[in-house]
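Shown next: query05.txt, given as compact mmCIF, C-alpha atoms and all ligand atoms.
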```txt
# COMPACT_ATOMS: atom_id res chain seq x y z
CA MET F 7 0.00 0.00 0.00
CA PHE F 8 1.45 3.36 -0.95
CA ILE F 9 0.22 6.85 -1.43
CA THR F 10 0.22 8.31 -4.92
CA VAL F 11 -0.73 11.88 -5.51
CA GLY F 12 -2.61 12.85 -8.62
CA LEU F 13 -2.43 9.48 -10.38
CA ALA F 14 -5.08 9.61 -13.09
CA PRO F 15 -7.49 6.63 -13.37
CA ASP F 16 -5.90 5.44 -16.64
CA LEU F 17 -2.50 5.42 -14.92
CA GLU F 18 -3.98 3.35 -12.09
CA GLU F 19 -5.06 0.86 -14.75
CA GLU F 20 -1.58 0.89 -16.25
CA ARG F 21 -0.06 0.32 -12.82
CA ALA F 22 -2.32 -2.65 -12.15
CA GLU F 23 -1.42 -4.23 -15.50
CA LEU F 24 2.31 -3.65 -14.97
CA ALA F 25 2.18 -4.90 -11.39
CA THR F 26 0.59 -8.17 -12.56
CA PHE F 27 3.26 -8.59 -15.24
CA VAL F 28 6.06 -7.94 -12.74
CA HIS F 29 4.50 -10.23 -10.15
CA ASP F 30 4.05 -13.10 -12.63
CA ARG F 31 6.93 -12.73 -15.07
CA ILE F 32 9.78 -10.95 -13.25
CA SER F 33 9.80 -11.26 -9.45
CA PRO F 34 9.80 -15.08 -9.32
CA PHE F 35 12.84 -15.26 -11.64
CA ALA F 36 14.92 -12.17 -10.75
CA ASP F 37 17.14 -13.91 -8.17
CA ALA F 38 17.95 -16.71 -10.62
CA TRP F 39 18.80 -14.15 -13.34
CA ASP F 40 21.01 -12.36 -10.82
CA ARG F 41 22.86 -15.62 -10.06
CA ALA F 42 23.14 -16.53 -13.75
CA GLU F 43 24.28 -12.95 -14.51
CA ARG F 44 21.97 -12.76 -17.48
CA VAL F 45 18.41 -12.01 -18.50
CA PRO F 46 17.15 -14.70 -20.89
CA ARG F 47 16.82 -13.64 -24.50
CA GLU F 48 13.22 -14.96 -24.56
CA PHE F 49 12.32 -12.60 -21.75
CA VAL F 50 13.87 -9.66 -23.64
CA SER F 51 11.64 -10.65 -26.57
CA GLU F 52 8.64 -10.74 -24.24
CA LEU F 53 9.42 -7.20 -23.03
CA ALA F 54 9.64 -6.12 -26.66
CA GLU F 55 6.39 -7.84 -27.65
CA ARG F 56 4.57 -6.07 -24.85
CA GLY F 57 5.83 -2.77 -26.26
CA TYR F 58 7.84 -1.88 -23.17
CA LEU F 59 11.16 -1.57 -25.00
CA GLY F 60 9.62 0.86 -27.47
CA ALA F 61 8.19 3.08 -24.75
CA ALA F 62 10.45 6.05 -25.50
CA VAL F 63 10.25 5.77 -29.29
CA PRO F 64 7.89 8.25 -31.03
CA GLY F 65 4.59 6.80 -32.25
CA GLU F 66 5.35 7.64 -35.91
CA TYR F 67 8.16 5.06 -35.77
CA GLY F 68 6.01 2.42 -34.13
CA GLY F 69 6.93 3.22 -30.54
CA GLY F 70 4.83 3.87 -27.47
CA SER F 71 5.58 7.61 -27.35
CA LEU F 72 4.87 7.43 -23.63
CA ASP F 73 4.51 10.63 -21.66
CA ALA F 74 6.80 11.12 -18.67
CA ALA F 75 4.21 9.92 -16.16
CA SER F 76 3.60 6.60 -17.93
CA PHE F 77 7.29 6.09 -18.64
CA GLY F 78 7.97 6.73 -14.94
CA LEU F 79 5.38 4.18 -13.92
CA LEU F 80 6.89 1.59 -16.24
CA ASN F 81 10.32 2.17 -14.71
CA GLU F 82 8.98 2.08 -11.18
CA GLU F 83 7.20 -1.22 -11.67
CA LEU F 84 10.07 -2.90 -13.54
CA GLY F 85 12.45 -1.55 -10.87
CA ARG F 86 10.29 -3.07 -8.19
CA GLY F 87 10.84 -6.50 -9.75
CA CYS F 88 14.39 -6.39 -11.07
CA SER F 89 16.83 -3.50 -11.43
CA SER F 90 18.70 -5.32 -14.22
CA VAL F 91 15.54 -5.49 -16.33
CA ARG F 92 14.85 -1.84 -15.60
CA SER F 93 18.45 -1.07 -16.71
CA LEU F 94 17.72 -2.61 -20.09
CA LEU F 95 14.77 -0.29 -20.51
CA THR F 96 16.96 2.62 -19.37
CA VAL F 97 19.87 2.21 -21.78
CA HIS F 98 17.74 1.16 -24.74
CA SER F 99 15.47 4.19 -24.19
CA MET F 100 18.47 6.50 -23.80
CA VAL F 101 19.75 5.51 -27.24
CA ALA F 102 16.27 5.74 -28.78
CA GLN F 103 15.74 9.18 -27.26
CA ALA F 104 19.10 10.50 -28.49
CA VAL F 105 18.49 9.22 -32.03
CA SER F 106 14.94 10.67 -32.05
CA ARG F 107 16.23 14.05 -31.00
CA TRP F 108 19.57 14.33 -32.80
CA GLY F 109 19.61 11.63 -35.49
CA ARG F 110 19.60 12.33 -39.23
CA PRO F 111 16.36 11.39 -41.04
CA GLU F 112 17.97 8.19 -42.43
CA GLN F 113 19.21 7.19 -38.95
CA LYS F 114 15.72 7.67 -37.56
CA GLU F 115 14.11 5.75 -40.43
CA TYR F 116 16.49 2.85 -39.99
CA TRP F 117 16.94 2.54 -36.22
CA LEU F 118 13.79 3.82 -34.54
CA PRO F 119 11.37 1.19 -35.91
CA ARG F 120 13.93 -1.46 -34.89
CA PHE F 121 14.22 0.02 -31.39
CA ALA F 122 10.44 0.22 -31.15
CA SER F 123 9.94 -3.44 -32.00
CA GLY F 124 12.95 -4.63 -30.01
CA GLU F 125 14.45 -6.12 -33.16
CA SER F 126 17.57 -4.10 -32.30
CA ILE F 127 18.79 -3.44 -28.76
CA GLY F 128 20.66 -0.18 -28.16
CA ALA F 129 23.35 0.37 -25.53
CA PHE F 130 25.07 3.52 -24.35
CA ALA F 131 28.87 3.56 -24.48
CA LEU F 132 30.43 6.59 -22.85
CA THR F 133 32.54 5.42 -19.88
CA GLU F 134 36.17 4.40 -20.37
CA PRO F 135 38.84 3.02 -18.06
CA GLY F 136 40.22 6.55 -17.60
CA ALA F 137 36.98 8.56 -17.89
CA GLY F 138 34.03 8.03 -15.54
CA SER F 139 32.46 11.08 -13.92
CA ASP F 140 34.74 13.32 -15.94
CA VAL F 141 33.34 12.52 -19.36
CA GLN F 142 35.43 15.24 -20.99
CA GLY F 143 38.35 12.90 -20.44
CA ILE F 144 37.25 10.27 -22.97
CA ALA F 145 40.20 9.07 -25.02
CA ALA F 146 38.51 7.02 -27.78
CA GLN F 147 39.54 8.51 -31.11
CA ALA F 148 37.68 8.78 -34.40
CA ARG F 149 39.99 9.51 -37.32
CA ARG F 150 38.51 10.84 -40.55
CA THR F 151 39.12 8.82 -43.71
CA GLY F 152 38.01 9.43 -47.29
CA THR F 153 34.75 7.55 -46.70
CA GLY F 154 34.01 8.09 -43.01
CA PHE F 155 35.83 7.38 -39.74
CA VAL F 156 38.09 4.82 -38.11
CA LEU F 157 37.55 4.37 -34.35
CA ASP F 158 40.03 3.18 -31.73
CA GLY F 159 39.59 2.98 -27.97
CA VAL F 160 38.06 1.11 -25.04
CA LYS F 161 34.63 1.50 -23.43
CA ARG F 162 33.90 -0.12 -20.08
CA TRP F 163 30.85 -0.98 -17.93
CA ILE F 164 28.44 -0.98 -20.85
CA THR F 165 25.01 -2.17 -19.67
CA PHE F 166 23.61 -4.96 -21.83
CA GLY F 167 26.67 -4.57 -24.03
CA GLN F 168 26.74 -8.38 -24.33
CA ILE F 169 23.50 -8.48 -26.31
CA ALA F 170 23.27 -5.00 -27.82
CA ASP F 171 22.94 -4.74 -31.59
CA VAL F 172 24.18 -1.15 -31.73
CA PHE F 173 26.11 1.20 -29.46
CA LEU F 174 25.66 4.93 -29.14
CA LEU F 175 29.36 5.52 -28.64
CA PHE F 176 31.31 8.68 -27.92
CA ALA F 177 34.76 9.50 -29.28
CA GLU F 178 36.97 12.44 -30.04
CA VAL F 179 37.18 13.75 -33.60
CA GLU F 180 39.79 16.41 -34.20
CA GLU F 181 39.62 17.48 -30.53
CA ALA F 182 35.81 17.72 -30.49
CA LYS F 183 33.57 15.07 -28.92
CA ALA F 184 31.13 13.31 -31.20
CA ALA F 185 28.53 10.52 -31.02
CA PHE F 186 28.42 7.51 -33.36
CA LEU F 187 26.07 4.62 -33.95
CA VAL F 188 28.33 1.57 -34.00
CA PRO F 189 26.68 -1.74 -34.96
CA ALA F 190 27.89 -4.63 -32.78
CA ASP F 191 29.04 -6.58 -35.83
CA THR F 192 31.40 -3.83 -37.03
CA PRO F 193 34.76 -5.43 -37.91
CA GLY F 194 37.37 -4.43 -35.32
CA LEU F 195 34.87 -4.22 -32.45
CA THR F 196 35.30 -6.87 -29.74
CA VAL F 197 32.69 -7.23 -26.96
CA ARG F 198 34.09 -8.77 -23.75
CA PRO F 199 31.64 -9.74 -21.00
CA ILE F 200 32.24 -8.37 -17.48
CA SER F 201 31.15 -10.64 -14.64
CA GLY F 202 31.16 -10.60 -10.83
CA VAL F 203 29.76 -7.08 -10.51
CA LEU F 204 28.31 -6.07 -7.11
CA GLY F 205 24.78 -5.28 -8.26
CA THR F 206 22.46 -5.33 -11.28
CA ARG F 207 24.33 -8.56 -11.95
CA ALA F 208 21.99 -9.65 -14.72
CA SER F 209 22.62 -6.50 -16.72
CA MET F 210 25.14 -8.28 -18.95
CA LEU F 211 27.86 -5.63 -18.77
CA ALA F 212 30.56 -5.54 -21.38
CA GLU F 213 33.83 -3.92 -22.21
CA LEU F 214 34.19 -2.80 -25.82
CA HIS F 215 37.49 -2.80 -27.65
CA LEU F 216 37.60 -0.75 -30.83
CA ASP F 217 40.57 -1.56 -32.96
CA GLY F 218 40.46 0.21 -36.31
CA CYS F 219 36.64 0.11 -36.60
CA ALA F 220 35.69 1.59 -39.95
CA LEU F 221 32.39 3.47 -39.98
CA PRO F 222 30.66 5.32 -42.82
CA ALA F 223 30.38 9.11 -42.54
CA ASP F 224 26.65 8.87 -41.79
CA ALA F 225 27.31 6.88 -38.58
CA MET F 226 27.83 10.14 -36.72
CA VAL F 227 24.85 11.43 -34.70
CA GLY F 228 24.75 15.22 -34.64
CA ARG F 229 28.00 16.98 -35.37
CA PRO F 230 31.46 17.18 -33.82
CA GLY F 231 31.32 19.27 -30.65
CA PHE F 232 27.72 18.20 -29.95
CA GLY F 233 28.54 14.69 -28.79
CA LEU F 234 28.54 15.37 -25.06
CA SER F 235 26.71 18.67 -24.72
CA ALA F 236 23.71 17.63 -26.84
CA VAL F 237 23.56 13.92 -27.72
CA ALA F 238 24.90 12.44 -24.46
CA ALA F 239 23.10 15.10 -22.41
CA THR F 240 19.73 14.16 -23.94
CA ALA F 241 20.34 10.48 -23.29
CA LEU F 242 21.63 10.97 -19.75
CA GLU F 243 18.75 13.22 -18.85
CA LEU F 244 16.30 10.43 -19.72
CA GLY F 245 18.59 7.87 -18.07
CA ARG F 246 18.54 9.76 -14.78
CA TYR F 247 14.76 10.06 -14.93
CA SER F 248 14.45 6.33 -15.59
CA VAL F 249 16.86 5.37 -12.79
CA ALA F 250 15.14 7.74 -10.35
CA TRP F 251 11.81 5.98 -10.92
CA GLY F 252 13.49 2.58 -10.86
CA CYS F 253 14.81 3.48 -7.40
CA VAL F 254 11.28 4.29 -6.23
CA GLY F 255 10.27 0.77 -7.26
CA LEU F 256 13.34 -0.68 -5.56
CA ALA F 257 12.61 1.19 -2.32
CA GLN F 258 8.98 0.05 -2.51
CA ALA F 259 10.13 -3.57 -2.88
CA CYS F 260 12.27 -3.12 0.27
CA LEU F 261 9.29 -1.71 2.13
CA ASP F 262 6.98 -4.52 0.99
CA ALA F 263 9.50 -7.17 2.05
CA SER F 264 10.06 -5.50 5.43
CA LEU F 265 6.34 -5.16 6.15
CA ALA F 266 5.69 -8.81 5.36
CA TYR F 267 8.59 -10.11 7.44
CA ALA F 268 8.01 -7.84 10.45
CA ASP F 269 4.37 -8.91 10.47
CA GLU F 270 5.25 -12.61 10.79
CA ARG F 271 8.52 -12.87 12.68
CA GLU F 272 8.29 -12.87 16.49
CA GLN F 273 11.09 -12.17 18.96
CA PHE F 274 10.80 -11.51 22.70
CA GLY F 275 7.15 -12.64 22.53
CA ARG F 276 6.10 -9.92 20.08
CA ARG F 277 5.99 -9.47 16.34
CA LEU F 278 8.88 -7.38 14.99
CA ARG F 279 6.36 -4.81 13.79
CA ASP F 280 5.47 -4.11 17.42
CA HIS F 281 9.05 -3.25 18.42
CA GLN F 282 9.45 0.51 18.31
CA LEU F 283 12.94 0.52 16.81
CA VAL F 284 11.69 -1.62 13.93
CA GLN F 285 8.75 0.75 13.53
CA ARG F 286 11.22 3.59 13.16
CA LEU F 287 12.99 1.78 10.31
CA ILE F 288 9.67 1.14 8.58
CA THR F 289 8.54 4.73 9.07
CA ASP F 290 11.73 6.10 7.53
CA MET F 291 11.45 3.64 4.64
CA ALA F 292 7.81 4.49 3.91
CA THR F 293 8.40 8.23 4.19
CA GLY F 294 11.53 8.12 2.02
CA THR F 295 9.77 6.09 -0.66
CA SER F 296 6.79 8.45 -0.79
CA ALA F 297 9.03 11.52 -0.90
CA ALA F 298 11.11 9.99 -3.70
CA ARG F 299 7.95 9.22 -5.67
CA LEU F 300 6.77 12.80 -5.28
CA LEU F 301 10.10 14.20 -6.50
CA CYS F 302 9.90 11.89 -9.51
CA GLN F 303 6.33 13.01 -10.21
CA GLN F 304 7.49 16.63 -10.05
CA ALA F 305 10.33 15.91 -12.48
CA GLY F 306 7.89 14.12 -14.79
CA ALA F 307 5.36 16.95 -14.76
CA LEU F 308 8.11 19.44 -15.68
CA ARG F 309 9.40 17.08 -18.40
CA ASP F 310 5.95 16.79 -19.93
CA ALA F 311 5.56 20.57 -19.79
CA ARG F 312 8.98 20.89 -21.52
CA ASP F 313 9.97 23.16 -18.68
CA VAL F 314 13.71 23.78 -18.51
CA ARG F 315 13.58 23.26 -14.73
CA SER F 316 12.97 19.56 -15.38
CA VAL F 317 16.76 19.08 -15.63
CA HIS F 318 17.26 20.33 -12.09
CA ALA F 319 14.17 18.47 -10.82
CA THR F 320 15.46 15.23 -12.37
CA TRP F 321 18.83 15.61 -10.66
CA MET F 322 17.06 16.04 -7.33
CA ALA F 323 14.74 13.11 -8.00
CA LYS F 324 17.64 10.80 -8.91
CA TYR F 325 19.76 11.95 -5.96
CA PHE F 326 16.99 11.50 -3.43
CA SER F 327 15.56 8.28 -4.89
CA SER F 328 18.91 6.53 -5.15
CA THR F 329 20.07 7.48 -1.66
CA SER F 330 16.62 6.60 -0.24
CA ALA F 331 16.65 3.25 -2.03
CA PHE F 332 20.06 2.42 -0.59
CA ARG F 333 18.93 3.34 2.93
CA ALA F 334 15.71 1.37 2.46
CA ALA F 335 17.61 -1.67 1.22
CA SER F 336 20.08 -1.51 4.08
CA ASP F 337 17.22 -1.22 6.60
CA ALA F 338 15.30 -4.05 4.92
CA VAL F 339 18.32 -6.35 5.35
CA GLN F 340 18.49 -5.18 8.98
CA ILE F 341 14.86 -6.02 9.60
CA LEU F 342 15.22 -9.46 8.07
CA GLY F 343 18.39 -10.13 10.05
CA ALA F 344 20.21 -13.30 8.97
CA SER F 345 17.36 -14.12 6.57
CA GLY F 346 18.14 -10.82 4.83
CA CYS F 347 21.77 -11.82 4.42
CA GLY F 348 21.02 -15.28 3.01
CA GLY F 349 20.63 -16.06 -0.65
CA GLU F 350 17.00 -17.13 -0.23
CA HIS F 351 15.59 -13.64 0.04
CA PRO F 352 15.73 -10.86 -2.57
CA VAL F 353 16.55 -8.09 -0.05
CA GLN F 354 20.28 -8.85 -0.33
CA ARG F 355 19.94 -8.37 -4.10
CA TYR F 356 18.08 -5.12 -3.46
CA LEU F 357 20.96 -3.88 -1.31
CA ARG F 358 23.58 -4.73 -3.93
CA ASP F 359 21.47 -3.18 -6.70
CA ALA F 360 20.76 -0.05 -4.65
CA LYS F 361 24.49 0.66 -4.21
CA VAL F 362 24.88 0.65 -7.98
CA MET F 363 22.10 3.26 -8.26
CA GLU F 364 24.31 5.70 -6.33
CA ILE F 365 27.04 5.31 -8.94
CA ILE F 366 25.31 5.20 -12.34
CA GLU F 367 23.86 8.20 -14.21
CA GLY F 368 25.91 10.60 -12.08
CA THR F 369 27.36 9.56 -8.73
CA THR F 370 25.89 10.84 -5.48
CA GLN F 371 28.86 13.19 -5.05
CA LEU F 372 28.49 14.63 -8.55
CA GLN F 373 24.80 15.28 -7.87
CA GLN F 374 25.64 16.94 -4.57
CA THR F 375 27.77 19.48 -6.39
CA VAL F 376 25.60 19.91 -9.48
CA ILE F 377 22.36 20.43 -7.55
CA ALA F 378 23.94 23.13 -5.38
CA GLU F 379 25.21 24.96 -8.47
CA SER F 380 21.81 24.62 -10.09
CA VAL F 381 20.04 25.99 -7.01
CA TYR F 382 22.16 29.14 -7.25
CA HIS F 383 21.41 29.36 -10.96
CA HIS F 384 17.64 29.05 -10.54
CA ARG F 385 17.14 31.07 -7.38
CA THR F 386 14.70 33.94 -7.58
CA PRO F 387 16.64 37.20 -7.71
CA VAL F 388 16.43 38.96 -4.35
CA ARG F 389 14.93 42.45 -4.71
CA ARG F 390 17.01 45.40 -3.53
CA GLU F 391 14.80 46.24 -0.54
CA GLU F 392 14.81 42.56 0.49
CA GLN F 393 18.59 42.54 0.35
CA GLN F 394 18.67 45.56 2.66
CA THR F 395 16.32 43.84 5.12
CA LYS F 396 18.46 40.70 4.95
CA THR F 397 21.60 42.67 5.73
CA MET F 398 19.92 44.37 8.67
CA THR F 399 18.31 41.32 10.24
CA GLY F 400 20.65 38.56 9.05
CA ALA F 401 17.67 36.74 7.53
CA ARG F 402 15.32 37.24 4.64
CA ARG F 403 11.78 38.28 5.50
C1 LIG L 501 26.51 -1.54 -13.03
C2 LIG L 501 27.03 -0.40 -13.84
C3 LIG L 501 26.48 -0.13 -15.08
C4 LIG L 501 27.00 0.89 -15.88
N1 LIG L 501 26.49 1.10 -17.13
C5 LIG L 501 27.08 2.02 -17.96
C6 LIG L 501 26.65 2.17 -19.32
O1 LIG L 501 25.72 1.49 -19.76
N2 LIG L 501 27.30 3.06 -20.10
C7 LIG L 501 28.34 3.82 -19.66
O2 LIG L 501 28.87 4.61 -20.43
N3 LIG L 501 28.77 3.71 -18.35
C8 LIG L 501 28.16 2.82 -17.51
N4 LIG L 501 28.59 2.69 -16.21
C9 LIG L 501 29.67 3.53 -15.73
C10 LIG L 501 29.17 4.65 -14.82
O3 LIG L 501 28.51 5.61 -15.58
C11 LIG L 501 30.37 5.19 -14.05
O4 LIG L 501 30.72 4.19 -13.14
C12 LIG L 501 30.08 6.50 -13.36
O5 LIG L 501 29.97 7.53 -14.30
C13 LIG L 501 31.17 6.87 -12.36
O6 LIG L 501 32.42 6.79 -12.95
P1 LIG L 501 33.57 5.93 -12.24
O7 LIG L 501 33.00 4.62 -11.83
O8 LIG L 501 34.72 5.90 -13.17
O9 LIG L 501 33.93 6.68 -10.91
P2 LIG L 501 34.88 7.98 -10.77
O10 LIG L 501 34.39 9.07 -11.64
O11 LIG L 501 36.28 7.57 -10.87
O12 LIG L 501 34.55 8.37 -9.27
C14 LIG L 501 35.02 7.61 -8.15
C15 LIG L 501 34.55 8.28 -6.88
O13 LIG L 501 35.04 9.62 -6.83
C16 LIG L 501 33.95 10.54 -6.70
N5 LIG L 501 34.20 11.74 -7.50
C17 LIG L 501 34.60 11.84 -8.79
N6 LIG L 501 34.68 13.12 -9.17
C18 LIG L 501 34.32 13.86 -8.08
C19 LIG L 501 34.16 15.24 -7.84
N7 LIG L 501 34.39 16.17 -8.81
N8 LIG L 501 33.76 15.66 -6.61
C20 LIG L 501 33.50 14.74 -5.65
N9 LIG L 501 33.61 13.41 -5.81
C21 LIG L 501 34.02 12.97 -7.02
C22 LIG L 501 32.74 9.79 -7.25
O14 LIG L 501 31.52 10.30 -6.71
C23 LIG L 501 33.02 8.39 -6.79
O15 LIG L 501 32.59 8.24 -5.46
C24 LIG L 501 28.07 1.69 -15.39
C25 LIG L 501 28.60 1.43 -14.11
C26 LIG L 501 28.10 0.40 -13.36
C27 LIG L 501 28.70 0.14 -12.00
```
Taking this structure as input, can you express it in the form of structure tokens?
Amino acid sequence: MFITVGLAPDLEEERAELATFVHDRISPFADAWDRAERVPREFVSELAERGYLGAAVPGEYGGGSLDAASFGLLNEELGRGCSSVRSLLTVHSMVAQAVSRWGRPEQKEYWLPRFASGESIGAFALTEPGAGSDVQGIAAQARRTGTGFVLDGVKRWITFGQIADVFLLFAEVEEAKAAFLVPADTPGLTVRPISGVLGTRASMLAELHLDGCALPADAMVGRPGFGLSAVAATALELGRYSVAWGCVGLAQACLDASLAYADEREQFGRRLRDHQLVQRLITDMATGTSAARLLCQQAGALRDARDVRSVHATWMAKYFSSTSAFRAASDAVQILGASGCGGEHPVQRYLRDAKVMEIIEGTTQLQQTVIAESVYHHRTPVRREEQQTKTMTGARR
């Protein structure tokens, strides 16, 4: 049971449908996928058939063209079942969004219907061994040739890189950053699986080695100099929104598990739910989850209104949701005690997944600096007479 503010009746219907799908087709299998470090290909096809993978693709290309509220709901519900599955939706949607916004007409015509149907899976390849938070430091190089480009470099931690059909990949061209669509079967591209990751273990991470990859000139998305500031920014903005909602689902899963366990388990002659210190953990978890959901709803409303403040609101939503999800997961393990540490219960997966949420799409520390800068940028200018009052009293009226 959770509180949702302003959820329209059609969204309630959507939530019910998604919740049934997650309950039947994801939750019972997510621990096994986590152990196997893969999501089965048949399940990816099922996601595609249900139209979930095409959620961010415009309707004219066969996609769902979902508004921010519905896309948020989809991410929340998938995130409640399995953060790795939600990650697939995130990266695939990021690529689709960037191509929709910045792609040439031929790139849109070719890729978007394939992204919409799930025939092609897109992955986002920005991070490198030497460039994480500081994306300006990417070292992959694209050299111009008579017919296009030749790419060299290494990309690491690429979500669903093991099964992606195409990578939205960033490299330097003549000292400017640019984005390219690199099909997975491009000669010279080697995809190496990464295993043993802390969380989102089923997200089939890969390292990409580009060794003289020849691409045609029309593989570039946008133009040189726009790679990070426009193409990557568009993708990351959607990625943060998606992860923020996924974290709401993750926190909700922690709350649900804690409520169920504390209701049944007895110690010292009372149910755990009747011990005040356990009640405090549950109160913090419920309040954090609701607050995170509200911040996500605010970011979504601004996104739908194409309000420039949506960027700032999305940072706040991702920061709060990811830190809340990690706290909720840690407290859920605490409430379940040894059962929470064992492999039989998903809360230990939730905890591992929640830690990853504080690292991807902008680390917690990066958000802590960016949000502060943004608050200064967006603050309402203080009028002259207010400034005088502030100086006199030490506080604004
Ligand atoms: C499971 C997983 C999936 C991923 N999927 C993808 C993907 O699909 N595509 C992709 O391109 N990348 C992906 N990444 C990479 C991810 O985007 C990076 O891990 C992230 O950007 C952080 O970079 P880093 O790990 O190199 O950490 P670093 O940038 O090296 O940071 C290390 C630590 O230093 C702190 N730090 C860094 N700079 C500052 C600063 N200025 N002020 C204060 N603190 C700072 C960070 O907050 C962090 O705590 C994935 C990572 C993981 C773990």
Which residues are near ligand LIG 501 (chain L) - at most 6 Å, using only C-alpha atoms and all ligand atoms? Format: as a list in words.
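Answer in the requested format: Phe130, Ala131, Leu132, Thr133, Ala137, Gly138, Ser139, Trp163, Ile164, Thr165, Thr206, Val362, Ile365, Ile366, Glu367, Gly368, Thr369, Thr370, Gln371 and Leu372 of chain F.
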Option closest in space to Phe166 (chain F), from F:Gln282, F:Ser123, F:Ser209, F:Gln147 [counting all atoms listed in the file]
F:Ser209
Calculated over only C-alpha atoms, which of the candidates F:Gly85, F:Pro193, F:Gly346, F:Gly228 has the smallest distance to Ala263 (chain F)?
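Checking each of F:Gly85, F:Pro193, F:Gly346, F:Gly228 against Ala263 (chain F), counting only C-alpha atoms, the winner is F:Gly346.
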Env of Leu157 (chain F): 7 Å cut, atoms = only C-alpha atoms, seq-sep filter 3 positions within chain, self excluded. Answer as a PyMOL selection string.
chain F and resi 147-149+216-220
Test item: residues at most 10 Å from Ala75 (chain F), all atoms listed in the file, excluding those fewer than 4 positions along its chain, as JSON, numbers by chain
{"F": [13, 14, 17, 79, 80, 81, 302, 303, 304, 305, 306, 307, 309, 310]}
Hey, which bits of region 9-67 of chain F sit within 10 Å of region 351-360 of chain F, and for each residue what's the closest pair of atoms and how far apart in Å (one decimal), counting only C-alpha atoms, rows by chain and increasing number, as a Markdown table?
```
| residue | atom | partner | partner_atom | distance |
| --- | --- | --- | --- | --- |
| F:Ser33 | CA | F:Pro352 | CA | 9.1 |
| F:Pro34 | CA | F:Pro352 | CA | 9.9 |
| F:Ala36 | CA | F:Pro352 | CA | 8.3 |
| F:Asp37 | CA | F:Pro352 | CA | 6.5 |
| F:Asp40 | CA | F:Arg355 | CA | 7.9 |
| F:Arg41 | CA | F:Arg355 | CA | 9.8 |
```
What does the distance between CA of Ile169 (chain F) and CA of Asp73 (chain F) come to in Å, to one decimal place?
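Taking CA of Ile169 (chain F) as the start and CA of Asp73 (chain F) as the end point, the length is 27.3 Å.
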Using all atoms listed in the file, determine which residues lie at most 9 Å from Phe326 (chain F), disregarding the query and same-chain residues fewer than 2 positions distant; provide the list as a list in words.
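Counting all atoms listed in the file, the residues come to Ala250, Gly294, Ala297, Ala298, Leu301, Trp321, Met322, Ala323, Lys324, Ser328, Thr329, Ser330 and Ala331 of chain F.
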Using all atoms listed in the file, which residue out of F:Val317, F:Met291, F:Leu278, F:Leu256 lies closest to Ser89 (chain F)?
F:Leu256
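Nearest to Ser345 (chain F) of all the residues F:Lys114, F:Arg271, F:His29, F:Arg107 is F:Arg271, counting all atoms listed in the file.
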Compare F:Ala104, F:Tyr58, F:Cys88, F:Tyr382 by their minimum atom-to-atom distance to Ala241 (chain F), counting all atoms listed in the file, and give me the closest one.
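Ranking F:Ala104, F:Tyr58, F:Cys88, F:Tyr382 by distance to Ala241 (chain F), first place goes to F:Ala104.
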What is the distance, in Å and to one decimal place, between CA of Asp30 (chain F) and CA of Ala42 (chain F)?
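CA of Ala42 (chain F) lies 19.4 Å from CA of Asp30 (chain F).
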How far is it from CA of Val156 (chain F) to CA of Val197 (chain F), in Å with one decimal?
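CA of Val197 (chain F) lies 17.3 Å from CA of Val156 (chain F).
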